[in-house]
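Report on one structure; see the data block that follows.
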Amino acid sequence: MKRMLSLCAAVLLVAGAATAFAADITGTWTGSVKTPDGQSFDLSFTFKQDGTKLTGSVQGPQGDPIEISEGKIEDGKVSFSVSFNGTTIKHEGTFSGDEIKLTTKTDQGDFPGGALVLTRSK
């Protein structure tokens with residue numbers, strides 16, 4: 001009986017560690033954004049996850065990386081904001097494996113939100 005309990009505890013520890021590792025989105029992720037006029041441009045996000053806290057930056061054609069703020073990750077969901085030129089873009093979505101699906105929305109009507117799919121860079 002003692003062996004069986006030890007075995008069960010070991011299996012639970014391994015399963016928990018594997019789940020925690022799989023949920024970590026630390027690293028570089030890339031995607032493409034389509035503009036209202038039909039053009040598109042590439043974005044590269046660098047994330048660092050510490051528990052449920054998410055920090056990092058986004059690099060696009062504008063030049064210097066822009067820091068993300070209000071980053072949170074929990075239960076397969078991710079959210080963060082990016083602010084530039086007086087506009088704040090809120091990102092919310094889900095992640096699974098090597099893919100993050102985001103919906104973006106802004107605080108300004110002239111800059112519409114949309115969908116963004118990021119894939120993990122190898």
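By convention in this document, the chains of the structure tokens carry letters A, B, ... by their order, each chain's residues are numbered from 1, and ligands are numbered from 1 in the order they are shown.
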Residues of chain A classed as strand (DSSP E or B) by DSSP on the backbone are to be reported as a PyMOL selection string. chain A and resi 27-34+40-50+53-59+66-74+77-84+87-96+99-106+114-120
How close does range 60-99 of chain A get to range 29-42 of chain A? List, as a tab-separated table, each residue of range 60-99 of chain A within 10 Å, its nearest atom pair and the distance in Å to one decimal, counting only C-alpha atoms.
```
residue	atom	partner	partner_atom	distance
A:Gly60	CA	A:Asp42	CA	6.3
A:Pro61	CA	A:Phe41	CA	7.2
A:Asp98	CA	A:Trp29	CA	8.7
A:Glu99	CA	A:Trp29	CA	8.5
```
Selection: 10 Å around range 104-106 of chain A, only C-alpha atoms, excl. self and same-chain fewer than 4 positions, as a VMD selection string: chain A and resid 79 to 83 87 to 93 110 to 116
Please produce a file of the residues just selected, as an mmCIF file, in the first residue's frame, where the atoms kept are N, CA and C atoms.
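Wrote again.cif, looks like this:
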```
data_model
loop_
_atom_site.group_PDB
_atom_site.id
_atom_site.type_symbol
_atom_site.label_atom_id
_atom_site.label_comp_id
_atom_site.auth_asym_id
_atom_site.auth_seq_id
_atom_site.Cartn_x
_atom_site.Cartn_y
_atom_site.Cartn_z
ATOM 1 N N SER A 79 -3.369 37.999 -21.433
ATOM 2 C CA SER A 79 -3.806 39.373 -21.705
ATOM 3 C C SER A 79 -2.658 40.327 -21.414
ATOM 4 N N PHE A 80 -2.589 41.403 -22.191
ATOM 5 C CA PHE A 80 -1.587 42.444 -21.996
ATOM 6 C C PHE A 80 -1.967 43.647 -22.844
ATOM 7 N N SER A 81 -1.310 44.769 -22.589
ATOM 8 C CA SER A 81 -1.544 45.992 -23.350
ATOM 9 C C SER A 81 -0.239 46.498 -23.932
ATOM 10 N N VAL A 82 -0.351 47.213 -25.040
ATOM 11 C CA VAL A 82 0.779 47.883 -25.664
ATOM 12 C C VAL A 82 0.337 49.311 -25.951
ATOM 13 N N SER A 83 1.143 50.301 -25.538
ATOM 14 C CA SER A 83 0.803 51.705 -25.769
ATOM 15 C C SER A 83 1.876 52.374 -26.616
ATOM 16 N N THR A 87 -2.021 55.759 -28.182
ATOM 17 C CA THR A 87 -3.025 54.714 -28.365
ATOM 18 C C THR A 87 -2.638 53.495 -27.538
ATOM 19 N N THR A 88 -3.617 52.928 -26.835
ATOM 20 C CA THR A 88 -3.403 51.694 -26.092
ATOM 21 C C THR A 88 -4.154 50.574 -26.787
ATOM 22 N N ILE A 89 -3.429 49.493 -27.080
ATOM 23 C CA ILE A 89 -4.024 48.319 -27.710
ATOM 24 C C ILE A 89 -4.051 47.204 -26.663
ATOM 25 N N LYS A 90 -5.252 46.721 -26.371
ATOM 26 C CA LYS A 90 -5.422 45.618 -25.419
ATOM 27 C C LYS A 90 -5.467 44.308 -26.201
ATOM 28 N N HIS A 91 -4.719 43.342 -25.719
ATOM 29 C CA HIS A 91 -4.649 42.015 -26.332
ATOM 30 C C HIS A 91 -5.204 40.997 -25.345
ATOM 31 N N GLU A 92 -6.126 40.168 -25.789
ATOM 32 C CA GLU A 92 -6.675 39.092 -24.969
ATOM 33 C C GLU A 92 -6.796 37.854 -25.834
ATOM 34 N N GLY A 93 -6.512 36.705 -25.251
ATOM 35 C CA GLY A 93 -6.648 35.499 -26.042
ATOM 36 C C GLY A 93 -6.304 34.241 -25.275
ATOM 37 N N ASP A 110 -10.327 55.337 -34.551
ATOM 38 C CA ASP A 110 -9.673 55.388 -35.861
ATOM 39 C C ASP A 110 -8.617 54.305 -36.045
ATOM 40 N N PHE A 111 -8.406 53.506 -35.032
ATOM 41 C CA PHE A 111 -7.423 52.419 -35.097
ATOM 42 C C PHE A 111 -8.140 51.141 -34.687
ATOM 43 N N PRO A 112 -8.720 50.437 -35.650
ATOM 44 C CA PRO A 112 -9.549 49.280 -35.306
ATOM 45 C C PRO A 112 -8.723 48.114 -34.753
ATOM 46 N N GLY A 113 -9.377 47.294 -33.971
ATOM 47 C CA GLY A 113 -8.750 46.082 -33.459
ATOM 48 C C GLY A 113 -8.902 44.967 -34.473
ATOM 49 N N GLY A 114 -8.594 43.769 -34.055
ATOM 50 C CA GLY A 114 -8.711 42.632 -34.964
ATOM 51 C C GLY A 114 -8.194 41.366 -34.322
ATOM 52 N N ALA A 115 -7.888 40.400 -35.152
ATOM 53 C CA ALA A 115 -7.375 39.108 -34.703
ATOM 54 C C ALA A 115 -5.894 39.002 -35.043
ATOM 55 N N LEU A 116 -5.180 38.283 -34.209
ATOM 56 C CA LEU A 116 -3.747 38.093 -34.393
ATOM 57 C C LEU A 116 -3.403 36.696 -33.911
#
```
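Distance-wise, CA of Lys122 in chain A and CA of Ile25 in chain A end up 12.5 Å apart.
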Could you pull the residues within 8 Å of Glu67 in chain A, counting only C-alpha atoms, minus those fewer than 6 positions along the same chain, as a compact mmCIF listing (two decimals) with N, CA and C atoms, in the first residue's frame?
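Contents of out.txt, freshly written:
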```
# COMPACT_ATOMS: atom_id res chain seq x y z
N THR A 55 5.66 39.74 -18.79
CA THR A 55 6.34 40.95 -19.22
C THR A 55 6.93 40.69 -20.60
N GLY A 56 7.44 41.73 -21.22
CA GLY A 56 8.07 41.56 -22.52
C GLY A 56 7.93 42.78 -23.39
N SER A 57 8.09 42.57 -24.69
CA SER A 57 8.03 43.67 -25.64
C SER A 57 7.56 43.17 -27.00
N VAL A 58 7.22 44.13 -27.85
CA VAL A 58 6.83 43.83 -29.22
C VAL A 58 7.70 44.66 -30.15
N VAL A 82 -0.35 47.21 -25.04
CA VAL A 82 0.78 47.88 -25.66
C VAL A 82 0.34 49.31 -25.95
```
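For the set A:Thr94, A:Gln108, A:Thr52, A:Gln59, the residue with the smallest atom-to-atom gap to Thr28 in chain A is A:Gln59, counting only C-alpha atoms.
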What gap, in Å, lies between CA of Asp75 in chain A and CA of Gly27 in chain A? 18.4 Å
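If you look at CA of Gly97 in chain A and CA of Thr26 in chain A, they are 12.0 Å away from each other.
Residue nearest Lys77 in chain A within the list A:Leu102, A:Asp50, A:Arg120, A:Phe95: A:Phe95 [criterion: smallest interatomic distance, only C-alpha atoms].
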Just list the residues in chain A DSSP gives alpha helix (DSSP H) on the backbone, as a PDB file with C-alpha atoms, in the first residue's frame.
```pdb
ATOM      1  CA  LYS A   2       2.850   2.347   0.854  1.00  0.00           C
ATOM      2  CA  ARG A   3       4.449   1.662  -2.558  1.00  0.00           C
ATOM      3  CA  MET A   4       1.182   2.390  -4.318  1.00  0.00           C
ATOM      4  CA  LEU A   5       0.827   5.755  -2.535  1.00  0.00           C
ATOM      5  CA  SER A   6       4.433   6.649  -3.376  1.00  0.00           C
ATOM      6  CA  LEU A   7       3.894   5.738  -7.003  1.00  0.00           C
ATOM      7  CA  CYS A   8       0.699   7.826  -7.199  1.00  0.00           C
ATOM      8  CA  ALA A   9       2.468  10.809  -5.608  1.00  0.00           C
ATOM      9  CA  ALA A  10       5.351  10.529  -8.079  1.00  0.00           C
ATOM     10  CA  VAL A  11       2.965  10.386 -11.055  1.00  0.00           C
ATOM     11  CA  LEU A  12       1.097  13.468  -9.809  1.00  0.00           C
ATOM     12  CA  LEU A  13       4.344  15.401  -9.348  1.00  0.00           C
ATOM     13  CA  VAL A  14       5.549  14.558 -12.858  1.00  0.00           C
ATOM     14  CA  ALA A  15       2.164  15.403 -14.391  1.00  0.00           C
ATOM     15  CA  GLY A  16       2.040  18.714 -12.532  1.00  0.00           C
ATOM     16  CA  ALA A  17       5.560  19.645 -13.612  1.00  0.00           C
ATOM     17  CA  ALA A  18       4.810  18.763 -17.233  1.00  0.00           C
ATOM     18  CA  THR A  19       1.655  20.898 -17.184  1.00  0.00           C
ATOM     19  CA  ALA A  20       3.489  23.863 -15.659  1.00  0.00           C
ATOM     20  CA  PHE A  21       6.274  23.575 -18.244  1.00  0.00           C
ATOM     21  CA  ALA A  22       3.870  23.287 -21.159  1.00  0.00           C
TER      22      ALA A  22
END
```
Nearest to Phe47 in chain A by atom-to-atom distance, counting only C-alpha atoms, from A:Phe84, A:Asp107, A:Leu118, A:Ser96: A:Leu118
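Of the residues under consideration (A:Gln49, A:Ile100, A:Ser121, A:Asn85), A:Gln49 shows the shortest atom-to-atom contact distance to Lys72 in chain A when counting only C-alpha atoms.
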